[in-house]
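**Student:** Next up is a structure, given as structure tokens.
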2 protein chains.
Amino acid sequence: MKKLINDPSSVLADALRGVELAHPDTVRVDHENRLVVRADAPRPGKVGLVSGGGSGHEPMHGGFVGRGMLDAAACGEVFTSPTPDQVFAATVAVNGGAGVLHIVKNYTGDVMNFEMAAELAGAEGIEVASVLTADDVAVTDSLYTAGRRGVGVTVLVEKIAGAAAEEGYDLAKLAELAQRVADNGRSMGLALTSCTVPAAGRPTFELADDEIELGIGIHGEPGRERQPLAPVKELASRLVTPILSDFDFTGAPVIVLCNGMGGTPLIELYGLFAETCDLLSAAGVQVARSLVGNYITSLEMAGASITLLRADDEMLRLWDAPVTTSGMTW
Amino acid sequence: MKKLINDPSSVLADALRGVELAHPDTVRVDHENRLVVRADAPRPGKVGLVSGGGSGHEPMHGGFVGRGMLDAAACGEVFTSPTPDQVFAATVAVNGGAGVLHIVKNYTGDVMNFEMAAELAGAEGIEVASVLTADDVAVTDSLYTAGRRGVGVTVLVEKIAGAAAEEGYDLAKLAELAQRVADNGRSMGLALTSCTVPAAGRPTFELADDEIELGIGIHGEPGRERQPLAPVKELASRLVTPILSDFDFTGAPVIVLCNGMGGTPLIELYGLFAETCDLLSAAGVQVARSLVGNYITSLEMAGASITLLRADDEMLRLWDAPVTTSGMTW
């Protein structure tokens, strides 16, 4: 295993120290609870937004804490759910009296631990609502999931709900919007290589030199099938076709996320994005907004995912609103 | 070779198509000349900023075109200098009557081709000044270079000079500032893995499982020596110590760039940044600003580089000025 780390057991703590040093104007770090918290949280009267999950997907979620996006991220160990105590501490830290929204990716551990945290918060008089993302069309049920996995649309939910919270949406309205975004998004990914979890010390899986894993999960969990490598034009089709078969993206503005899994260079992601746009155009899908880069990653995995969101005017307006985080700024 | 590409010969053209589709508000693309040009260029009365070089280092340079940074980037093939004609076309495209500044990394081909382009522009009555970056302390002379290689400080020059041009600096004042930034910066990098140039089809070099290349160049050209892999605390020291030995960074505010080479996850870069801050603090160096992420990359290479800039109040003010590009925004 070749990594820039001190020890597998200190990877997260070391990184959080770096985050604190790099972004003091935007966030503070609660080292005891492994939280990245917006520097000015809690904001009185504003609904607090909390997400979190296993680490190793950076910039998600810690890199999305800041003005116009999350108020806190609870950071589990690499590919490991944060504990209920962590999520509870995050909820308390961002509670400004208007309630807290939990944004949860659909993995069994995450769902369970966020639910327990919500109960703990409720017992303290903090109102919590939850939104669940489950946008991965690759598989139903998987290694860590009952139902579909939550992947790329989580980034879009965090951006859009973050802007809405900034605008003053109340908890009920915010939860409805966030779930509507989650429900109108679909994703599909592929891997060219595995990643190596520091604590495991070896690649999660092996692929032959001419092989890809289609429908890969963000923890390297199996997808639909192994297939031969092909030109990116063909690979784009293998991602876009199942998404378009699953949900109707015509007749509405669509937000496209062309996401790298960590080890894929930008020069390749832009090529994939161009092919994706061609396919969407041919299918009568109108690309209204787009985002190309590494947003929800799997450590150093080479590969990419495509997420489409069927948007509306409200979502586009909130998408365009200012955001200031280390992982996304405009 | 596992890459998301159609064909090695189309990688750049495919990517530029994606850049055009992704960022229509910020840039336009001249496909014939392989240029990324600021959407509103030329701006009358503003000095135009042109950089460029081989592709494969994204987001540098095309991702740094936009408000407060570059006016155009001339994109060579992967790890190949742009031609004089490309650089000349970029110069013409951004000439608003106040002259054009060329920001050139010190590689033999780049230096020669930017010089020829400046002559061509001069013959057309366009005043051109040039700044050369040569900040890599790893080696003097190398595979592609007479003298030191230009690496990470180029990103800082482009940001600071870009802000100054936006403020209305004239060409002479801008060139003096840009060269002063270049001359006050030092860098050092290391690689954990090689990258694979698409046209070559196989890794540029091989490293053993427990080996790093210290002082790596951004094209995979050899550094100082191969060394055993070590904890990131020790690797940070192998980067920072030669930088501090080469130049005095005490007694002034310092800007730190902790840069990933492409295949290294953010979670590792933040760990490296924390160790770097510890070393700088122990050496009496005051970190005034910092940037952690993938800014000057080598395709999918795993590794990182550290760049320090001895700044002054003028540079800090310009560093903090707004910037709107796909690769850097605040």
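Residues are referred to by chain and number: the chain letter is A, B, ... according to the order shown in the structure tokens, the number counts from 1 in that chain, and ligands are numbered separately from 1 in the order shown.
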Taking only C-alpha atoms into account, which residues of chain B are within 6 Å of chain A, as a list in words?

**Tutor:** Leu4, Ile5, Asn6, Asp14, Ala15, Arg17, Gly18, Pro231, Val232, Gly263, Pro265, Ile267, Glu268, Tyr270, Gly271, Phe273, Ala274, Leu299 and Glu300 of chain B

**Student:** Show which residues sit within 7 Å of Ala39 (chain A), as a PDB file with N, CA, C and O atoms, in the first residue's frame. Count only C-alpha atoms, and ignore same-chain residues fewer than 3 positions away.

**Tutor:**
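Output file selection_4.pdb is given in full below:
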ATOM      1  N   ASP A  25     -11.287  30.221   8.086  1.00  0.00           N
ATOM      2  CA  ASP A  25     -12.345  31.220   7.898  1.00  0.00           C
ATOM      3  C   ASP A  25     -13.698  30.576   7.630  1.00  0.00           C
ATOM      4  O   ASP A  25     -14.740  31.186   7.854  1.00  0.00           O
ATOM      5  N   THR A  26     -13.669  29.336   7.141  1.00  0.00           N
ATOM      6  CA  THR A  26     -14.907  28.673   6.714  1.00  0.00           C
ATOM      7  C   THR A  26     -15.434  27.699   7.756  1.00  0.00           C
ATOM      8  O   THR A  26     -16.631  27.618   7.986  1.00  0.00           O
ATOM      9  N   VAL A  27     -14.526  26.944   8.354  1.00  0.00           N
ATOM     10  CA  VAL A  27     -14.971  25.866   9.258  1.00  0.00           C
ATOM     11  C   VAL A  27     -14.139  25.831  10.539  1.00  0.00           C
ATOM     12  O   VAL A  27     -13.031  26.359  10.607  1.00  0.00           O
ATOM     13  N   ARG A  28     -14.715  25.145  11.541  1.00  0.00           N
ATOM     14  CA  ARG A  28     -13.916  24.735  12.687  1.00  0.00           C
ATOM     15  C   ARG A  28     -14.023  23.214  12.765  1.00  0.00           C
ATOM     16  O   ARG A  28     -14.935  22.617  12.180  1.00  0.00           O
TER      17      ARG A  28
END

**Student:** If we count only C-alpha atoms and set the cut-off at 12 Å, which residues sit around Ala282 (chain A), ignoring sequence neighbours fewer than 2 positions away in its own chain? Please answer as a PyMOL selection string.

**Tutor:** chain A and resi 237+240-241+244+250+275-280+284-287

**Student:** Need to verify the contact set: His219 (chain A), 12 Å, only C-alpha atoms, exclusion of same-chain residues closer than 6 positions in sequence. Can you return it as a short mmCIF file (atom, residue, chain, number, x, y, z; two decimals) with N, CA, C and O atoms, in the first residue's frame?

**Tutor:**
data_model
loop_
_atom_site.label_atom_id
_atom_site.label_comp_id
_atom_site.auth_asym_id
_atom_site.auth_seq_id
_atom_site.Cartn_x
_atom_site.Cartn_y
_atom_site.Cartn_z
N GLY A 53 -20.95 10.59 6.90
CA GLY A 53 -20.82 9.23 6.39
C GLY A 53 -19.39 8.79 6.57
O GLY A 53 -18.61 9.45 7.27
N GLY A 54 -19.04 7.72 5.92
CA GLY A 54 -17.66 7.29 5.97
C GLY A 54 -16.76 8.30 5.28
O GLY A 54 -17.19 9.01 4.37
N SER A 55 -15.50 8.39 5.72
CA SER A 55 -14.54 9.25 5.04
C SER A 55 -13.99 8.53 3.81
O SER A 55 -14.31 7.38 3.55
N GLY A 56 -13.17 9.24 3.03
CA GLY A 56 -12.63 8.66 1.81
C GLY A 56 -13.37 9.08 0.56
O GLY A 56 -13.03 8.66 -0.54
N HIS A 57 -14.42 9.92 0.74
CA HIS A 57 -15.20 10.41 -0.40
C HIS A 57 -14.97 11.91 -0.63
O HIS A 57 -15.76 12.56 -1.30
N VAL A 78 -12.65 5.73 7.43
CA VAL A 78 -12.76 5.52 5.99
C VAL A 78 -13.79 4.42 5.68
O VAL A 78 -13.68 3.30 6.20
N PHE A 79 -14.77 4.77 4.87
CA PHE A 79 -15.84 3.87 4.42
C PHE A 79 -16.60 3.24 5.60
O PHE A 79 -17.10 2.11 5.49
N THR A 80 -16.70 3.96 6.71
CA THR A 80 -17.38 3.46 7.91
C THR A 80 -18.35 4.53 8.41
O THR A 80 -17.97 5.69 8.53
N SER A 81 -19.56 4.15 8.71
CA SER A 81 -20.56 5.13 9.14
C SER A 81 -20.11 5.87 10.39
O SER A 81 -19.48 5.27 11.26
N TYR A 107 -27.22 3.83 3.11
CA TYR A 107 -26.41 2.66 3.50
C TYR A 107 -26.91 2.25 4.88
O TYR A 107 -27.22 3.13 5.71
N SER A 142 -27.45 -4.18 -1.95
CA SER A 142 -26.03 -4.43 -2.23
C SER A 142 -25.36 -4.77 -0.93
O SER A 142 -26.01 -4.98 0.10
N LEU A 143 -24.03 -4.79 -0.98
CA LEU A 143 -23.25 -5.20 0.17
C LEU A 143 -23.62 -4.43 1.43
O LEU A 143 -23.69 -4.99 2.52
N TYR A 144 -23.84 -3.11 1.30
CA TYR A 144 -24.08 -2.28 2.48
C TYR A 144 -25.48 -1.66 2.47
O TYR A 144 -25.73 -0.72 3.21
N THR A 145 -26.37 -2.12 1.61
CA THR A 145 -27.59 -1.38 1.38
C THR A 145 -28.81 -2.26 1.24
O THR A 145 -28.74 -3.27 0.54
N ARG A 149 -28.35 2.45 -3.53
CA ARG A 149 -27.32 3.20 -2.81
C ARG A 149 -27.48 4.70 -3.06
O ARG A 149 -27.87 5.12 -4.15
N GLY A 150 -27.12 5.49 -2.08
CA GLY A 150 -27.09 6.94 -2.25
C GLY A 150 -25.73 7.38 -2.73
O GLY A 150 -24.72 7.07 -2.10
N VAL A 151 -25.70 8.07 -3.87
CA VAL A 151 -24.40 8.48 -4.43
C VAL A 151 -24.47 9.95 -4.87
O VAL A 151 -24.74 10.83 -4.05
N GLY A 189 -22.21 4.61 -12.03
CA GLY A 189 -20.76 4.78 -12.05
C GLY A 189 -20.04 3.58 -12.61
O GLY A 189 -20.62 2.51 -12.80
N LEU A 190 -18.77 3.77 -12.88
CA LEU A 190 -17.91 2.66 -13.30
C LEU A 190 -16.50 2.87 -12.76
O LEU A 190 -16.08 4.00 -12.50
N ALA A 191 -15.81 1.77 -12.59
CA ALA A 191 -14.43 1.82 -12.09
C ALA A 191 -13.48 1.20 -13.10
O ALA A 191 -13.80 0.19 -13.73
N SER A 194 -9.47 -0.42 -8.64
CA SER A 194 -9.97 -0.45 -7.28
C SER A 194 -9.33 0.68 -6.48
O SER A 194 -8.44 1.38 -6.96
N CYS A 195 -9.80 0.87 -5.26
CA CYS A 195 -9.08 1.69 -4.30
C CYS A 195 -8.60 0.77 -3.19
O CYS A 195 -9.00 -0.40 -3.13
N THR A 196 -7.75 1.30 -2.33
CA THR A 196 -7.23 0.54 -1.20
C THR A 196 -7.60 1.25 0.09
O THR A 196 -7.20 2.39 0.31
N VAL A 197 -8.41 0.60 0.91
CA VAL A 197 -8.76 1.17 2.21
C VAL A 197 -7.54 1.05 3.12
O VAL A 197 -6.95 -0.04 3.22
N PRO A 203 -5.90 -3.74 -2.27
CA PRO A 203 -7.05 -3.32 -3.07
C PRO A 203 -8.32 -4.09 -2.70
O PRO A 203 -8.26 -5.29 -2.41
N THR A 204 -9.44 -3.40 -2.73
CA THR A 204 -10.73 -4.00 -2.38
C THR A 204 -11.10 -5.10 -3.36
O THR A 204 -11.73 -6.08 -3.00
N PHE A 205 -10.74 -4.91 -4.62
CA PHE A 205 -11.02 -5.92 -5.64
C PHE A 205 -9.95 -5.82 -6.71
O PHE A 205 -9.13 -4.90 -6.70
N MET A 261 -13.98 9.58 -9.63
CA MET A 261 -13.92 8.75 -8.42
C MET A 261 -12.65 9.01 -7.62
O MET A 261 -12.44 8.39 -6.58
N ILE A 296 -17.62 13.36 -5.27
CA ILE A 296 -17.92 12.23 -4.38
C ILE A 296 -17.02 11.09 -4.85
O ILE A 296 -17.27 10.47 -5.89
N THR A 297 -15.95 10.90 -4.11
CA THR A 297 -14.86 10.05 -4.59
C THR A 297 -14.77 8.76 -3.77
O THR A 297 -15.45 8.59 -2.76
N SER A 298 -13.92 7.88 -4.23
CA SER A 298 -13.64 6.62 -3.55
C SER A 298 -12.12 6.51 -3.44
O SER A 298 -11.49 5.73 -4.15
N LEU A 299 -11.56 7.33 -2.54
CA LEU A 299 -10.11 7.40 -2.38
C LEU A 299 -9.46 7.60 -3.74
O LEU A 299 -9.81 8.52 -4.45
N GLU A 300 -8.51 6.72 -4.13
CA GLU A 300 -7.77 6.92 -5.37
C GLU A 300 -8.33 6.10 -6.53
O GLU A 300 -7.67 5.94 -7.57
N MET A 301 -9.55 5.61 -6.40
CA MET A 301 -10.14 4.81 -7.49
C MET A 301 -10.15 5.59 -8.81
O MET A 301 -10.47 6.77 -8.84
#

**Student:** Tell me, in Å to one decimal, how far CA of Leu309 (chain B) is from CA of Val29 (chain A).

**Tutor:**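 CA of Val29 (chain A) lies 26.7 Å from CA of Leu309 (chain B).
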
**Student:** Residues of region 17-201 of chain A classed as helix (DSSP H, G or I) by DSSP on the backbone are to be reported as a ChimeraX atom specification.

**Tutor:** /A:17-22,62-64,84-94,108-123,153-167,171-183

**Student:** Need the shell around Ala161 (chain A): protein/DNA/RNA residues with any atom at most 8 Å away, counting only C-alpha atoms. Skip same-chain ones fewer than 3 positions apart. Format as a PyMOL selection string?

**Tutor:** chain A and resi 69+157-158+164-165+174+177-178+318

**Student:** Keeping C-alpha atoms, export the residues of the selection given above as a PDB file, in the first residue's frame.

**Tutor:**
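This is the output file again-v4.pdb:
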ATOM      1  CA  MET A  69     -24.290  24.378   1.871  1.00  0.00           C
ATOM      2  CA  VAL A 157     -29.157  17.845  -2.491  1.00  0.00           C
ATOM      3  CA  GLU A 158     -26.542  19.426  -0.239  1.00  0.00           C
ATOM      4  CA  ALA A 164     -32.662  27.105   0.570  1.00  0.00           C
ATOM      5  CA  ALA A 165     -31.706  27.035   4.248  1.00  0.00           C
ATOM      6  CA  LEU A 174     -36.684  22.365   3.361  1.00  0.00           C
ATOM      7  CA  LEU A 177     -37.504  20.241  -1.239  1.00  0.00           C
ATOM      8  CA  ALA A 178     -34.496  18.114  -0.327  1.00  0.00           C
ATOM      9  CA  LEU A 318     -31.065  27.619  -5.577  1.00  0.00           C
TER      10      LEU A 318
END
